[in-house]
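Student: Structure provided below as structure tokens; questions to follow.
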Amino acid sequence: MPGLSRVVRRLEAVEEENRDLRGQIGLPVLRSSSDDIRANSAELRDASDLPLPPPALREWVAGTSDLDWFLKGGKLCVQTIVSLLEAHGTVLEELDSVLDFGCGCGRVIRHLRHYETVNVHGTDCNQHAIVWCDEHLNFAEFGTNQLEPRTRYREHCFDLVYAFSVFTHLTESLQSHWMQELRRILKPEGLLIVTVSGSGDHNFPQLPSSEQHRYHRGELILTGLQAAGQNQCVAFHPEAYVRNVLAKDFDVIECRPQGALGNPLQDVYLLRRR
């Protein structure tokens, strides 16, 4: 059956490509599930007819390659953005420019496709993810950044920047520098949405009691410092630390404990540039 042989060869080729990509972006080389292989071989698209990224990239941004959660989680993030903005008198579609900071392979930004009047941008330190976005999500503009600032964007160019599960994986120094950079590229009184891991995070009980005491005193807790910028580096942000240190150059408009719907158990903050 020549047709079946071609399909088998294609599936094998896709799995080999996925193994190569996992190695390039630092993920363990695991065998793809049959669902993932079929998804790639058929160039599966979502309900909006947008292509879906390969399993390795999905896992890099979401911690799992599961297609349903990749789509549902990104959609919930947009719902979080819309809800926060509207609660304080701002309508997303009336903004001129929005940046997805740490966009990965487009988990969130793909759900902004229908905001046609908004100039949508995404940036990430993962070049493989940005190449994929640039090739497949042509309604937005994409660029890369390094682990440390600065970005390529000019001063005062965005009405809104959002960063889902980015500051959860940075050292204290990197967090401070990136907050300064995001403030630089926001317009006067521009808005910033960030999510952080608080005391409700499922990893928190695993910390030594001494670290938990420090957290409750309002100190930032960091683990896995050698893996800054990756999931192995985890930061825990008490609300006092966010208000007094991380967001010291911003007005805290709202804090929603465990309110980041697309990132379960993370707190979400709406900040305004001073």
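If you're wondering about the labels, chains in the structure tokens are A, B, ... by order shown, residues count from 1 in each chain, ligands from 1 in order shown.
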Counting only C-alpha atoms, what is within 8 Å of A:Asp267, bar same-chain residues fewer than 4 positions away, as a list in words?

Tutor: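 In the requested form, the answer reads Thr195, Val196, Ser197, Gly198, Cys255, Arg256, Pro257, Gln258, Gly259 and Ala260 of chain A.
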
Student: Neighbours of A:Asp249 within 8 Å (only C-alpha atoms; same-chain residues fewer than 5 positions away dropped), as JSON, numbers by chain?

Tutor: {"A": [183, 273, 274]}

Student: Output C-alpha atoms for every residue in that selection, as a PDB file, in the first residue's frame.

Tutor:
```pdb
ATOM      1  CA  ARG A 183       8.435  50.705  31.983  1.00  0.00           C
ATOM      2  CA  ARG A 273       3.220  53.136  34.646  1.00  0.00           C
ATOM      3  CA  ARG A 274       3.878  56.208  36.780  1.00  0.00           C
TER       4      ARG A 274
END
```

Student: Counting only C-alpha atoms, what is within 8 Å of stretch 164-181 of chain A, bar same-chain residues fewer than 3 positions away, as a list in words?

Tutor: Cys77, Phe101, Gly102, Glu148, Pro149, Arg150, Thr151, Arg184, Ile185, Ile193, Val194, Thr195, Val196, Ser197, Leu220, Leu222, Leu225, Ala228, Gly229, Gln230, Asn231, Gln232, Cys233, Val234, Ala235, Phe236, Leu246, Ala247 and Asn263 of chain A

Student: Export N, CA and C atoms of the chosen residues as a short mmCIF file (atom, residue, chain, number, x, y, z; two decimals), in the first residue's frame?

Tutor:
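The file below, result-v6.cif, is the result:
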```
data_model
loop_
_atom_site.label_atom_id
_atom_site.label_comp_id
_atom_site.auth_asym_id
_atom_site.auth_seq_id
_atom_site.Cartn_x
_atom_site.Cartn_y
_atom_site.Cartn_z
N CYS A 77 -6.02 33.03 29.39
CA CYS A 77 -5.15 34.19 29.63
C CYS A 77 -5.76 35.45 29.04
N PHE A 101 5.03 39.88 26.20
CA PHE A 101 6.42 39.72 26.62
C PHE A 101 6.61 38.29 27.11
N GLY A 102 7.46 37.53 26.41
CA GLY A 102 7.60 36.11 26.70
C GLY A 102 6.52 35.32 25.99
N GLU A 148 18.66 39.06 29.15
CA GLU A 148 18.75 40.35 29.81
C GLU A 148 18.28 41.45 28.87
N PRO A 149 17.77 42.58 29.42
CA PRO A 149 17.35 43.70 28.56
C PRO A 149 18.57 44.25 27.81
N ARG A 150 18.37 45.03 26.68
CA ARG A 150 17.10 45.67 26.36
C ARG A 150 16.40 44.97 25.21
N THR A 151 15.17 45.46 24.93
CA THR A 151 14.46 45.01 23.75
C THR A 151 14.76 45.96 22.59
N ARG A 184 10.10 51.43 30.38
CA ARG A 184 10.64 52.29 29.31
C ARG A 184 9.80 52.23 28.04
N ILE A 185 9.35 51.03 27.67
CA ILE A 185 8.65 50.90 26.40
C ILE A 185 7.14 51.12 26.53
N ILE A 193 0.47 43.90 32.81
CA ILE A 193 -0.13 42.76 33.49
C ILE A 193 0.95 41.70 33.67
N VAL A 194 1.18 41.29 34.92
CA VAL A 194 2.16 40.24 35.20
C VAL A 194 1.52 39.20 36.10
N THR A 195 1.98 37.97 35.95
CA THR A 195 1.56 36.91 36.86
C THR A 195 2.77 36.42 37.64
N VAL A 196 2.54 36.04 38.88
CA VAL A 196 3.61 35.54 39.75
C VAL A 196 3.08 34.37 40.57
N SER A 197 4.01 33.56 41.07
CA SER A 197 3.64 32.46 41.95
C SER A 197 3.57 32.97 43.38
N LEU A 220 11.29 37.82 48.61
CA LEU A 220 11.25 37.01 47.41
C LEU A 220 12.01 35.71 47.66
N LEU A 222 13.62 32.28 45.81
CA LEU A 222 14.06 31.78 44.51
C LEU A 222 14.68 30.40 44.66
N LEU A 225 18.42 28.86 40.71
CA LEU A 225 18.98 30.08 40.14
C LEU A 225 19.85 29.81 38.92
N ALA A 228 18.10 30.24 35.28
CA ALA A 228 17.32 31.46 35.06
C ALA A 228 16.74 31.51 33.65
N GLY A 229 15.46 31.86 33.58
CA GLY A 229 14.78 31.93 32.29
C GLY A 229 14.13 30.62 31.87
N GLN A 230 14.33 29.56 32.66
CA GLN A 230 13.74 28.26 32.35
C GLN A 230 12.80 27.84 33.48
N ASN A 231 12.00 26.82 33.20
CA ASN A 231 11.01 26.40 34.18
C ASN A 231 11.62 25.88 35.48
N GLN A 232 12.89 25.45 35.41
CA GLN A 232 13.54 24.93 36.61
C GLN A 232 13.84 26.03 37.63
N CYS A 233 13.89 27.26 37.18
CA CYS A 233 14.06 28.40 38.08
C CYS A 233 12.67 28.88 38.48
N VAL A 234 12.40 28.90 39.78
CA VAL A 234 11.06 29.25 40.26
C VAL A 234 11.16 30.38 41.28
N ALA A 235 10.37 31.41 41.07
CA ALA A 235 10.33 32.54 42.00
C ALA A 235 8.96 32.60 42.67
N PHE A 236 8.96 32.88 43.98
CA PHE A 236 7.73 33.03 44.75
C PHE A 236 7.65 34.46 45.25
N LEU A 246 9.12 44.96 43.39
CA LEU A 246 9.00 44.66 41.97
C LEU A 246 8.29 45.78 41.21
N ALA A 247 7.18 46.27 41.76
CA ALA A 247 6.36 47.28 41.08
C ALA A 247 6.53 48.67 41.67
N ASN A 263 -2.93 30.35 33.92
CA ASN A 263 -1.79 29.84 34.68
C ASN A 263 -2.28 29.54 36.10
#
```

Student: Pick out the closest residue to A:Ala62 from this set: A:Glu86, A:Phe142, A:Asp49, A:Gly74. Count only C-alpha atoms.

Tutor: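 The answer is A:Gly74, which sits nearest to A:Ala62.
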
Student: Tell me, in Å to one decimal, how far atom CA of A:Gln226 is from atom CA of A:Pro208.

Tutor: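 That distance, rounded to one decimal, is 18.9 Å.
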
Student: Excluding same-chain residues fewer than 6 positions from A:Ser48, what lies within 10 Å of it counting only C-alpha atoms, as JSON, numbers by chain?

Tutor: {"A": [110, 111, 113, 114]}

Student: Stretch 179-251 of chain A: which residues are alpha helix (DSSP H) by DSSP, as an MDAnalysis selection string?

Tutor: chainID A and resid 179:185 209:216 239:241
